[in-house]
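So this one's final.txt, compact mmCIF, C-alpha atoms:
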# COMPACT_ATOMS: atom_id res chain seq x y z
CA MET H 21 -11.36 -12.03 -34.58
CA GLN H 22 -10.93 -13.03 -30.94
CA LYS H 23 -7.84 -15.03 -30.07
CA HIS H 24 -7.36 -17.22 -26.98
CA ILE H 25 -4.04 -17.90 -25.32
CA SER H 26 -3.86 -20.37 -22.45
CA SER H 27 -1.49 -20.78 -19.53
CA THR H 28 0.57 -23.43 -21.34
CA GLU H 29 1.04 -21.19 -24.39
CA ILE H 30 2.07 -18.28 -22.15
CA MET H 31 4.72 -20.42 -20.45
CA ASN H 32 5.95 -21.67 -23.84
CA MET H 33 6.53 -18.13 -25.16
CA GLU H 34 10.09 -16.96 -25.69
CA LYS H 35 11.08 -15.02 -22.54
CA GLN H 36 11.13 -11.49 -23.99
CA GLU H 37 7.86 -12.07 -25.86
CA ARG H 38 6.20 -13.20 -22.60
CA VAL H 39 7.55 -10.15 -20.75
CA HIS H 40 6.06 -7.80 -23.39
CA PHE H 41 2.77 -9.69 -23.48
CA ILE H 42 2.15 -10.06 -19.73
CA ASN H 43 3.24 -6.48 -19.00
CA SER H 44 0.50 -5.32 -21.42
CA LEU H 45 -2.35 -7.22 -19.80
CA GLY H 46 -2.86 -5.13 -16.66
CA GLY H 47 -4.03 -2.14 -18.71
CA PHE H 48 -2.70 1.41 -18.86
CA LYS H 49 -0.36 2.25 -16.02
CA SER H 50 0.92 5.09 -13.97
CA VAL H 51 4.46 5.97 -14.99
CA SER H 52 6.71 8.16 -12.83
CA LEU H 53 10.28 8.94 -11.95
CA LEU H 54 11.45 7.89 -8.52
CA GLY H 55 14.11 10.22 -7.11
CA THR H 56 16.42 9.22 -4.28
CA THR H 57 19.80 9.99 -2.76
CA ASN H 58 22.07 8.01 -0.48
CA ASN H 59 23.50 9.46 2.74
CA ASN H 60 26.57 10.67 0.81
CA GLY H 61 24.47 12.79 -1.54
CA GLN H 62 24.82 10.48 -4.57
CA THR H 63 21.49 10.79 -6.40
CA ASN H 64 19.55 8.18 -8.33
CA LEU H 65 16.60 8.48 -10.71
CA ALA H 66 14.59 5.57 -12.07
CA ILE H 67 11.38 5.11 -14.06
CA PHE H 68 8.62 2.95 -12.56
CA SER H 69 5.27 1.80 -13.94
CA SER H 70 4.34 -0.15 -10.81
CA ILE H 71 3.15 2.71 -8.60
CA PHE H 72 -0.35 2.58 -7.17
CA HIS H 73 -2.75 4.10 -4.65
CA ILE H 74 -3.16 2.22 -1.37
CA GLY H 75 -5.32 4.55 0.70
CA ALA H 76 -6.24 8.18 1.33
CA ASN H 77 -6.23 8.31 5.14
CA PRO H 78 -3.34 8.28 5.79
CA PRO H 79 -2.28 9.07 2.19
CA LEU H 80 -0.37 5.94 1.15
CA ILE H 81 1.22 5.00 -2.15
CA ALA H 82 3.05 1.79 -3.10
CA VAL H 83 5.65 0.69 -5.62
CA VAL H 84 6.74 -2.82 -6.61
CA PHE H 85 10.44 -3.58 -7.14
CA ARG H 86 11.65 -6.49 -9.25
CA PRO H 87 13.92 -9.07 -7.60
CA SER H 88 17.59 -8.37 -6.87
CA PRO H 89 20.23 -8.92 -8.21
CA PRO H 90 20.95 -6.67 -9.98
CA GLU H 91 21.33 -4.19 -7.14
CA ARG H 92 18.30 -1.89 -6.90
CA ASP H 93 19.83 1.53 -6.12
CA SER H 94 16.47 3.24 -5.57
CA LEU H 95 15.37 0.60 -3.08
CA ARG H 96 18.68 0.73 -1.19
CA ASN H 97 18.50 4.55 -0.99
CA ILE H 98 14.88 4.47 0.27
CA LEU H 99 15.82 2.06 3.03
CA GLU H 100 18.98 4.07 3.85
CA THR H 101 17.42 7.54 4.02
CA GLY H 102 13.69 6.84 4.55
CA PHE H 103 12.62 9.34 1.86
CA TYR H 104 11.97 9.46 -1.89
CA THR H 105 10.13 11.48 -4.52
CA ILE H 106 7.60 10.41 -7.15
CA ASN H 107 7.53 12.71 -10.18
CA HIS H 108 4.91 12.52 -12.94
CA ILE H 109 6.16 12.30 -16.51
CA ASN H 110 5.01 14.61 -19.31
CA GLU H 111 5.59 14.50 -23.06
CA ASN H 112 8.56 16.89 -22.86
CA ILE H 113 10.63 14.48 -20.75
CA TYR H 114 9.39 10.98 -21.61
CA LYS H 115 12.48 10.02 -23.62
CA GLN H 116 14.80 11.17 -20.84
CA ALA H 117 12.58 9.35 -18.35
CA HIS H 118 12.77 6.13 -20.39
CA GLN H 119 16.56 6.52 -20.65
CA THR H 120 16.88 6.28 -16.85
CA SER H 121 16.12 2.55 -17.23
CA ALA H 122 19.57 1.97 -18.79
CA ARG H 123 22.02 0.21 -16.49
CA TYR H 124 24.44 2.98 -15.57
CA ASP H 125 27.41 2.33 -13.28
CA ALA H 126 26.67 2.99 -9.62
CA ASP H 127 28.78 6.19 -9.51
CA ILE H 128 26.79 7.83 -12.34
CA SER H 129 23.60 9.69 -11.47
CA GLU H 130 20.76 9.23 -13.95
CA PHE H 131 19.98 12.93 -13.37
CA ASP H 132 23.31 13.83 -15.01
CA ALA H 133 23.15 11.12 -17.64
CA THR H 134 19.70 12.16 -18.86
CA ASN H 135 19.91 15.94 -18.30
CA LEU H 136 17.07 16.06 -15.81
CA THR H 137 17.45 18.52 -12.95
CA PRO H 138 17.50 17.48 -9.28
CA GLU H 139 15.51 19.98 -7.21
CA TYR H 140 15.78 20.19 -3.43
CA LYS H 141 13.16 22.23 -1.58
CA ASN H 142 11.50 22.80 1.78
CA ASN H 143 14.16 20.68 3.50
CA PHE H 144 12.84 17.50 1.93
CA LYS H 145 15.62 14.89 1.97
CA ALA H 146 15.18 13.46 -1.54
CA PRO H 147 15.55 15.22 -4.91
CA PHE H 148 12.48 16.11 -6.98
CA VAL H 149 12.63 16.31 -10.79
CA LYS H 150 12.41 19.99 -11.71
CA GLU H 151 10.93 19.27 -15.16
CA SER H 152 8.03 17.29 -13.67
CA ASN H 153 4.70 19.10 -13.19
CA ILE H 154 3.36 16.95 -10.33
CA GLN H 155 5.88 16.04 -7.65
CA LEU H 156 5.30 13.98 -4.50
CA GLY H 157 7.56 13.85 -1.45
CA VAL H 158 7.15 10.44 0.20
CA GLU H 159 8.30 8.95 3.52
CA PHE H 160 9.03 5.20 3.70
CA LYS H 161 6.58 3.31 5.92
CA GLU H 162 6.69 -0.43 5.22
CA LYS H 163 8.44 -3.10 3.14
CA ILE H 164 6.44 -6.17 2.16
CA ASP H 165 8.20 -9.19 0.65
CA ILE H 166 6.07 -10.82 -2.03
CA THR H 167 7.52 -14.29 -1.72
CA ILE H 168 5.61 -15.86 -4.64
CA ASN H 169 8.06 -14.24 -7.11
CA ASN H 170 10.61 -12.46 -4.89
CA THR H 171 9.37 -8.96 -5.67
CA ILE H 172 9.28 -6.28 -2.98
CA MET H 173 6.52 -3.80 -2.29
CA ILE H 174 7.41 -0.48 -0.65
CA ILE H 175 4.62 1.52 0.96
CA GLY H 176 5.16 5.21 1.70
CA GLU H 177 3.18 8.12 3.09
CA ILE H 178 2.73 11.19 0.89
CA LYS H 179 4.13 14.15 2.86
CA LYS H 180 4.38 16.88 0.23
CA VAL H 181 2.59 17.51 -3.05
CA TYR H 182 3.61 20.10 -5.66
CA PHE H 183 1.29 20.72 -8.61
CA PRO H 184 0.12 23.46 -11.01
CA GLU H 185 -2.46 25.48 -9.07
CA ASN H 186 -4.91 25.64 -11.99
CA CYS H 187 -5.17 21.81 -12.11
CA LEU H 188 -6.89 21.45 -8.72
CA CYS H 189 -10.68 21.17 -8.92
CA GLU H 190 -13.06 22.34 -6.21
CA ASP H 191 -13.89 18.82 -5.00
CA GLY H 192 -10.23 17.86 -4.53
CA PHE H 193 -9.77 16.11 -7.90
CA LEU H 194 -6.43 16.92 -9.50
CA ASP H 195 -6.68 17.17 -13.31
CA LEU H 196 -3.68 15.13 -14.46
CA GLU H 197 -4.47 15.63 -18.12
CA LYS H 198 -4.31 19.40 -17.70
CA ALA H 199 -0.92 18.91 -15.98
CA ASN H 200 0.25 16.95 -19.08
CA THR H 201 0.84 13.75 -17.11
CA ILE H 202 1.13 10.80 -19.51
CA THR H 203 0.45 7.07 -19.10
CA CYS H 204 2.18 3.94 -20.41
CA SER H 205 1.39 0.40 -21.43
CA GLY H 206 3.60 -2.65 -21.57
CA LEU H 207 7.31 -1.99 -21.15
CA ASP H 208 7.88 0.87 -23.53
CA SER H 209 4.70 2.42 -24.95
CA TYR H 210 3.82 6.00 -23.92
CA HIS H 211 0.43 7.66 -24.36
CA LYS H 212 -1.29 11.01 -23.91
CA THR H 213 -4.90 11.03 -22.79
CA ILE H 214 -8.18 12.60 -23.93
CA LYS H 215 -10.79 12.96 -21.22
CA ILE H 216 -14.06 11.18 -21.98
CA SER H 217 -15.89 12.33 -18.86
CA ARG H 218 -16.03 12.39 -15.10
CA LEU H 219 -19.03 10.44 -13.81
CA SER H 220 -21.31 11.02 -10.82
CA TYR H 221 -21.20 8.83 -7.68
CA ALA H 222 -23.06 5.60 -8.52
CA LYS H 223 -26.24 4.65 -6.64
CA PRO H 224 -28.46 1.62 -7.31
CA ASP H 225 -31.60 3.60 -8.18
CA LYS H 226 -30.02 6.51 -10.03
CA ALA H 227 -28.72 7.00 -13.57
CA ILE H 228 -25.06 7.96 -13.93
CA THR H 229 -24.45 11.51 -15.19
CA SER H 230 -21.38 13.31 -16.47
CA ILE H 231 -20.15 15.78 -13.87
CA THR H 232 -17.75 17.79 -16.04
CA MET P 1 1.83 28.75 -10.70
CA GLN P 2 3.10 25.87 -8.58
CA LYS P 3 1.18 25.11 -5.40
CA HIS P 4 2.50 23.17 -2.41
CA ILE P 5 0.36 21.11 -0.05
CA SER P 6 1.93 19.53 3.03
CA SER P 7 1.04 16.52 5.12
CA THR P 8 -0.80 18.64 7.69
CA GLU P 9 -2.93 20.30 5.03
CA ILE P 10 -3.77 16.91 3.52
CA MET P 11 -4.92 15.58 6.89
CA ASN P 12 -6.98 18.74 7.47
CA MET P 13 -8.88 18.33 4.20
CA GLU P 14 -12.56 17.39 4.37
CA LYS P 15 -12.76 13.59 3.96
CA GLN P 16 -14.26 13.43 0.45
CA GLU P 17 -11.91 16.16 -0.82
CA ARG P 18 -8.92 14.18 0.49
CA VAL P 19 -10.21 10.98 -1.15
CA HIS P 20 -10.47 12.73 -4.54
CA PHE P 21 -7.10 14.43 -4.14
CA ILE P 22 -5.04 11.45 -2.98
CA ASN P 23 -6.65 9.10 -5.49
CA SER P 24 -5.44 11.45 -8.24
CA LEU P 25 -1.80 11.53 -7.18
CA GLY P 26 -0.71 8.06 -8.31
CA GLY P 27 -1.22 8.96 -11.97
CA PHE P 28 -3.37 7.32 -14.63
CA LYS P 29 -4.59 3.89 -13.66
CA SER P 30 -5.68 0.61 -15.08
CA VAL P 31 -9.46 0.25 -14.80
CA SER P 32 -11.17 -3.11 -15.24
CA LEU P 33 -14.24 -5.13 -14.30
CA LEU P 34 -13.69 -8.02 -11.95
CA GLY P 35 -16.13 -10.88 -12.59
CA THR P 36 -16.84 -13.57 -10.00
CA THR P 37 -19.46 -16.09 -8.96
CA ASN P 38 -20.11 -17.87 -5.68
CA ASN P 39 -20.52 -21.66 -5.49
CA ASN P 40 -24.30 -21.26 -5.95
CA GLY P 41 -23.88 -19.49 -9.29
CA GLN P 42 -24.73 -15.99 -8.02
CA THR P 43 -22.55 -13.63 -10.08
CA ASN P 44 -20.89 -10.38 -9.08
CA LEU P 45 -19.25 -7.66 -11.15
CA ALA P 46 -17.22 -4.77 -9.75
CA ILE P 47 -15.01 -2.01 -11.14
CA PHE P 48 -11.43 -1.75 -9.86
CA SER P 49 -8.70 0.80 -10.52
CA SER P 50 -6.17 -0.92 -8.26
CA ILE P 51 -5.01 -3.72 -10.58
CA PHE P 52 -1.31 -4.01 -11.38
CA HIS P 53 1.37 -6.23 -12.89
CA ILE P 54 3.48 -8.24 -10.43
CA GLY P 55 5.56 -10.45 -12.71
CA ALA P 56 5.71 -12.22 -16.07
CA ASN P 57 7.10 -15.60 -15.07
CA PRO P 58 4.79 -16.92 -13.75
CA PRO P 59 2.26 -14.36 -15.10
CA LEU P 60 0.99 -12.68 -11.92
CA ILE P 61 -1.44 -9.81 -11.44
CA ALA P 62 -2.59 -8.17 -8.22
CA VAL P 63 -5.57 -6.18 -7.00
CA VAL P 64 -6.00 -4.18 -3.78
CA PHE P 65 -9.31 -4.37 -1.86
CA ARG P 66 -10.42 -1.66 0.53
CA PRO P 67 -11.14 -2.64 4.14
CA SER P 68 -14.30 -4.54 5.13
CA PRO P 69 -17.01 -3.84 6.26
CA PRO P 70 -18.90 -3.36 4.04
CA GLU P 71 -18.82 -6.94 2.81
CA ARG P 72 -16.62 -7.28 -0.30
CA ASP P 73 -18.58 -9.74 -2.50
CA SER P 74 -15.83 -10.03 -5.11
CA LEU P 75 -13.23 -10.88 -2.49
CA ARG P 76 -15.48 -13.45 -0.80
CA ASN P 77 -16.22 -15.11 -4.16
CA ILE P 78 -12.53 -15.25 -5.10
CA LEU P 79 -11.67 -16.96 -1.82
CA GLU P 80 -14.70 -19.30 -2.16
CA THR P 81 -14.14 -20.45 -5.76
CA GLY P 82 -10.46 -19.67 -6.39
CA PHE P 83 -11.17 -18.01 -9.77
CA TYR P 84 -12.05 -14.60 -11.21
CA THR P 85 -11.92 -12.64 -14.44
CA ILE P 86 -10.40 -9.23 -15.23
CA ASN P 87 -12.08 -7.47 -18.15
CA HIS P 88 -10.75 -4.30 -19.77
CA ILE P 89 -13.17 -1.41 -20.15
CA ASN P 90 -13.79 0.43 -23.43
CA GLU P 91 -15.69 3.63 -24.21
CA ASN P 92 -18.89 1.72 -25.11
CA ILE P 93 -19.30 0.30 -21.61
CA TYR P 94 -17.63 2.78 -19.27
CA LYS P 95 -20.88 4.13 -17.82
CA GLN P 96 -22.18 0.63 -17.13
CA ALA P 97 -18.79 -0.26 -15.66
CA HIS P 98 -18.91 2.78 -13.35
CA GLN P 99 -22.47 1.89 -12.32
CA THR P 100 -21.24 -1.45 -10.90
CA SER P 101 -19.75 0.57 -8.02
CA ALA P 102 -23.26 1.28 -6.66
CA ARG P 103 -24.11 -0.66 -3.49
CA TYR P 104 -26.63 -3.22 -4.74
CA ASP P 105 -28.23 -5.73 -2.38
CA ALA P 106 -26.35 -9.03 -2.20
CA ASP P 107 -29.01 -10.94 -4.17
CA ILE P 108 -28.76 -8.59 -7.17
CA SER P 109 -26.07 -9.29 -9.78
CA GLU P 110 -24.38 -6.19 -11.17
CA PHE P 111 -24.41 -7.99 -14.55
CA ASP P 112 -28.23 -7.76 -14.56
CA ALA P 113 -28.38 -4.32 -12.98
CA THR P 114 -26.04 -2.78 -15.57
CA ASN P 115 -26.99 -4.84 -18.64
CA LEU P 116 -23.56 -6.34 -19.09
CA THR P 117 -23.45 -9.95 -20.29
CA PRO P 118 -21.81 -12.77 -18.29
CA GLU P 119 -19.93 -15.07 -20.64
CA TYR P 120 -18.77 -18.55 -19.63
CA LYS P 121 -16.28 -20.30 -21.88
CA ASN P 122 -13.67 -23.07 -22.04
CA ASN P 123 -14.84 -24.43 -18.67
CA PHE P 124 -13.45 -21.41 -16.83
CA LYS P 125 -15.22 -21.13 -13.47
CA ALA P 126 -15.80 -17.36 -13.40
CA PRO P 127 -17.85 -15.19 -15.78
CA PHE P 128 -16.15 -12.94 -18.34
CA VAL P 129 -17.77 -9.70 -19.55
CA LYS P 130 -18.87 -10.34 -23.15
CA GLU P 131 -18.70 -6.62 -24.07
CA SER P 132 -15.04 -6.39 -23.00
CA ASN P 133 -12.36 -6.68 -25.71
CA ILE P 134 -9.54 -7.97 -23.51
CA GLN P 135 -10.51 -10.62 -20.98
CA LEU P 136 -8.27 -12.42 -18.48
CA GLY P 137 -9.10 -15.62 -16.61
CA VAL P 138 -7.22 -15.59 -13.30
CA GLU P 139 -6.59 -18.20 -10.59
CA PHE P 140 -6.21 -17.06 -6.97
CA LYS P 141 -2.70 -17.60 -5.59
CA GLU P 142 -2.10 -15.52 -2.47
CA LYS P 143 -3.76 -13.08 -0.06
CA ILE P 144 -1.56 -10.47 1.61
CA ASP P 145 -2.91 -8.38 4.47
CA ILE P 146 -1.61 -4.80 4.33
CA THR P 147 -1.89 -4.06 8.02
CA ILE P 148 -0.89 -0.38 7.82
CA ASN P 149 -4.42 0.51 6.62
CA ASN P 150 -6.31 -2.81 6.65
CA THR P 151 -6.40 -3.21 2.89
CA ILE P 152 -5.99 -6.63 1.29
CA MET P 153 -3.91 -7.53 -1.75
CA ILE P 154 -4.94 -10.53 -3.84
CA ILE P 155 -2.38 -12.04 -6.21
CA GLY P 156 -3.54 -14.29 -9.02
CA GLU P 157 -2.00 -16.18 -11.92
CA ILE P 158 -3.23 -15.36 -15.43
CA LYS P 159 -4.48 -18.63 -16.93
CA LYS P 160 -6.40 -17.49 -20.00
CA VAL P 161 -6.22 -14.40 -22.19
CA TYR P 162 -8.78 -13.41 -24.84
CA PHE P 163 -8.01 -10.46 -27.11
CA PRO P 164 -8.58 -9.16 -30.65
CA GLU P 165 -6.08 -11.02 -32.84
CA ASN P 166 -5.04 -7.87 -34.76
CA CYS P 167 -3.88 -6.18 -31.52
CA LEU P 168 -0.98 -8.56 -30.89
CA CYS P 169 2.39 -7.28 -32.14
CA GLU P 170 5.23 -9.52 -33.27
CA ASP P 171 7.33 -8.95 -30.17
CA GLY P 172 4.51 -9.91 -27.78
CA PHE P 173 3.28 -6.37 -27.05
CA LEU P 174 -0.51 -6.16 -26.97
CA ASP P 175 -1.79 -2.86 -28.38
CA LEU P 176 -4.36 -1.81 -25.77
CA GLU P 177 -5.18 1.43 -27.57
CA LYS P 178 -6.13 -0.51 -30.71
CA ALA P 179 -8.36 -2.69 -28.49
CA ASN P 180 -10.07 0.51 -27.23
CA THR P 181 -9.04 -0.08 -23.62
CA ILE P 182 -9.44 3.14 -21.62
CA THR P 183 -7.73 4.46 -18.49
CA CYS P 184 -8.94 6.41 -15.46
CA SER P 185 -7.71 8.93 -12.93
CA GLY P 186 -8.94 9.72 -9.47
CA LEU P 187 -12.24 8.11 -8.50
CA ASP P 188 -14.38 8.91 -11.50
CA SER P 189 -12.49 10.36 -14.48
CA TYR P 190 -12.25 8.25 -17.66
CA HIS P 191 -9.84 8.86 -20.53
CA LYS P 192 -9.01 7.55 -24.00
CA THR P 193 -5.37 7.49 -25.07
CA ILE P 194 -3.30 8.71 -28.01
CA LYS P 195 -0.06 6.85 -28.52
CA ILE P 196 3.03 9.08 -28.43
CA SER P 197 5.55 6.36 -29.23
CA ARG P 198 7.08 3.05 -28.25
CA LEU P 199 10.73 3.50 -27.29
CA SER P 200 13.75 1.24 -27.79
CA TYR P 201 15.41 -0.67 -24.93
CA ALA P 202 17.56 1.83 -23.04
CA LYS P 203 21.36 1.39 -22.86
CA PRO P 204 23.87 3.78 -21.25
CA ASP P 205 25.80 4.54 -24.43
CA LYS P 206 22.96 4.60 -26.95
CA ALA P 207 20.31 7.17 -27.90
CA ILE P 208 16.68 6.15 -27.45
CA THR P 209 14.75 5.68 -30.70
CA SER P 210 11.07 5.29 -31.49
CA ILE P 211 10.32 1.70 -32.43
CA THR P 212 6.85 2.18 -33.91
Would you put the structure from the file into structure tokens?
Amino acid sequence: MQKHISSTEIMNMEKQERVHFINSLGGFKSVSLLGTTNNNGQTNLAIFSSIFHIGANPPLIAVVFRPSPPERDSLRNILETGFYTINHINENIYKQAHQTSARYDADISEFDATNLTPEYKNNFKAPFVKESNIQLGVEFKEKIDITINNTIMIIGEIKKVYFPENCLCEDGFLDLEKANTITCSGLDSYHKTIKISRLSYAKPDKAITSIT
Amino acid sequence: MQKHISSTEIMNMEKQERVHFINSLGGFKSVSLLGTTNNNGQTNLAIFSSIFHIGANPPLIAVVFRPSPPERDSLRNILETGFYTINHINENIYKQAHQTSARYDADISEFDATNLTPEYKNNFKAPFVKESNIQLGVEFKEKIDITINNTIMIIGEIKKVYFPENCLCEDGFLDLEKANTITCSGLDSYHKTIKISRLSYAKPDKAITSIT
């Protein structure tokens, strides 16, 4: 049975109910751990489901931050150091990843609190998550204020990519499922995936075919 | 075996290889059909994997458009009429959904070309996709030019939501997996999901528990 909810009913929902409902509507989401440090070496780790592709040339990726206050440590560290990491989440670490969303005091690193391991390599300024199978090193490029609801979008350029070698396909496609990357929906629901198919490039006069 | 690819190697990739690779890095993505019409009633339907949640109060959702040219019919229709629909994709229609990405002539509607059914209801100005299980009616709010790579972000307010009644949980969470919504990765890979768990709200001094 199809149900219809209108704008007025959405605005009349109890706040937490609306947050759950609206967060579900955009579909399945990318979910990753954002690793940062400040200039004193104090690390921070936070889970984000608002990360998305912006362009391939140059390779740009964006993340949306909710309004401050409270203080957004990850955002402050990105602006202070200019670098951050994006680390895919797999089933082995999703509970620890979710736990990073707790409001720890500023002097506690979520790496320590959740038993995830900061990994520094190749002179990259920000800490990767050792337990993550796909790790991106990103350089801050631009901050866009979304004034309609006081959120902030941060755009960065992907400078380094670490991934399991056997997950890279010949045409450049990286098989996230093979790397055990998971997805999420709403605020707190985590999901594995089962590939249906990759599809051929669509042309008006040609039938779509499965390419793997 | 972990492999490392640097910025230089990314920029040296052949163009199509880089597009596949970088589009994979953001993780699993929302994938939906965007339905529009112009003021003469000519409909358009296009698949997007760049749709994301911006905020719950008011309920805002955003989509990123690649640079023009070519002409972006969906974008032009949104700016002309002020309304559009976002329709989740399920396994029954994913090939038709993918086929909407072919470059049809401007006088051909992708609804006709792919045998998907435009559905008008409750006086909403834009066509929904009848075969979609979760349908959003959205009103245009703001256009943001992302100058770093000439992409355009469109922010809209969710005005109407249609969904299967049995997919709504008590706390407001909408069970997308139960509604058969699928996800995608890269440019052309489609995936079903298997729920791992929903997790409790995280607090510093409390262990995470599964809530369903």
12 Å contact set for segment 106-113 of chain P, only C-alpha atoms, chain neighbours under 2 positions out, as an MDAnalysis selection string: (chainID H and resid 223:227) or (chainID P and resid 33:38 40:47 70:74 76:77 96:104 115:119 127:131)
Using all atoms listed in the file, find each residue of segment 72-170 of chain H with at least one atom at most 8 Å away from an atom of segment 52-63 of chain P; report its shortest atom-to-atom pair and that distance in Å (one decimal), sort the rows by chain and rising residue number, and return the result as a Markdown table.
| residue | atom | partner | partner_atom | distance |
| --- | --- | --- | --- | --- |
| H:Phe72 | CA | P:Phe52 | CA | 7.9 |
| H:Val84 | CA | P:Ile54 | CA | 7.4 |
| H:Asn169 | CA | P:Gly55 | CA | 7.2 |
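For the choices P:Gly156, P:His20, P:Lys141, P:Asn12, the atom-to-atom distance to chain H is smallest for P:His20 when using only C-alpha atoms.
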Å distance separating atom CA of Lys49 of chain H from atom CA of Gln22 of chain H, one decimal place: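 Computed distance, atom CA of Lys49 of chain H to atom CA of Gln22 of chain H, equals 23.8 Å.
For the residues H:Gly102, H:Pro87, H:Gly157, H:Gly192, ranking by smallest atom-to-atom distance to chain P using only C-alpha atoms places H:Gly192 first.
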Which of P:Lys95, P:Asn166, P:Thr85, P:Met153 sits closest to Gln135 of chain P [using all atoms listed in the file]: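 Nearest to Gln135 of chain P: P:Thr85.
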Interatomic distance (Å, one decimal) between atom CA of His211 of chain H and atom CA of Ile30 of chain H: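 Atom-to-atom, atom CA of His211 of chain H and atom CA of Ile30 of chain H are spaced 26.1 Å apart.
Among the candidates H:Phe85, H:Tyr140, H:Phe193, H:Phe160, the residue lying nearest to chain P is H:Phe193 (atoms considered: all atoms listed in the file).
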Residue hits in chain H, query chain P, radius 6 Å, all atoms listed in the file, as a PyMOL selection string: chain H and resi 21-27+37+39-42+44+46-50+72-73+76+119+122+124+179-185+191-194+203+208-219+222-224
Separation of atom CA of Ile154 of chain P from atom CA of Lys125 of chain P in Å: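 Here the two named atoms are 17.6 Å from each other.
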Could you model N, CA, C and O atoms for segment 107-119 of chain H and present them as a CSV table (one decimal), in the frame of the given file?
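Produced file part-v9.csv, reproduced below:
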chain,number,residue,atom,x,y,z
H,107,ASN,N,7.7,11.6,-9.3
H,107,ASN,CA,7.5,12.7,-10.2
H,107,ASN,C,6.8,12.3,-11.5
H,107,ASN,O,7.3,11.4,-12.2
H,108,HIS,N,5.7,12.9,-11.7
H,108,HIS,CA,4.9,12.5,-12.9
H,108,HIS,C,5.7,12.9,-14.2
H,108,HIS,O,6.5,13.8,-14.2
H,109,ILE,N,5.5,12.1,-15.2
H,109,ILE,CA,6.2,12.3,-16.5
H,109,ILE,C,5.2,13.0,-17.5
H,109,ILE,O,4.1,12.7,-17.6
H,110,ASN,N,5.8,14.0,-18.3
H,110,ASN,CA,5.0,14.6,-19.3
H,110,ASN,C,5.7,14.4,-20.7
H,110,ASN,O,6.8,13.9,-20.7
H,111,GLU,N,5.1,14.8,-21.7
H,111,GLU,CA,5.6,14.5,-23.1
H,111,GLU,C,7.0,15.1,-23.3
H,111,GLU,O,7.8,14.6,-24.1
H,112,ASN,N,7.3,16.2,-22.6
H,112,ASN,CA,8.6,16.9,-22.9
H,112,ASN,C,9.7,16.1,-22.3
H,112,ASN,O,10.9,16.3,-22.7
H,113,ILE,N,9.5,15.2,-21.4
H,113,ILE,CA,10.6,14.5,-20.8
H,113,ILE,C,10.5,13.0,-20.8
H,113,ILE,O,11.3,12.2,-20.2
H,114,TYR,N,9.6,12.4,-21.7
H,114,TYR,CA,9.4,11.0,-21.6
H,114,TYR,C,10.6,10.2,-22.2
H,114,TYR,O,10.9,9.1,-21.7
H,115,LYS,N,11.3,10.8,-23.1
H,115,LYS,CA,12.5,10.0,-23.6
H,115,LYS,C,13.6,10.0,-22.6
H,115,LYS,O,14.2,9.0,-22.4
H,116,GLN,N,13.8,11.1,-21.9
H,116,GLN,CA,14.8,11.2,-20.8
H,116,GLN,C,14.4,10.2,-19.7
H,116,GLN,O,15.2,9.5,-19.1
H,117,ALA,N,13.1,10.2,-19.4
H,117,ALA,CA,12.6,9.4,-18.4
H,117,ALA,C,12.8,7.9,-18.7
H,117,ALA,O,13.3,7.1,-17.9
H,118,HIS,N,12.6,7.5,-19.9
H,118,HIS,CA,12.8,6.1,-20.4
H,118,HIS,C,14.3,5.8,-20.3
H,118,HIS,O,14.6,4.7,-19.9
H,119,GLN,N,15.1,6.8,-20.6
H,119,GLN,CA,16.6,6.5,-20.6
H,119,GLN,C,17.1,6.2,-19.2
H,119,GLN,O,18.1,5.5,-19.1
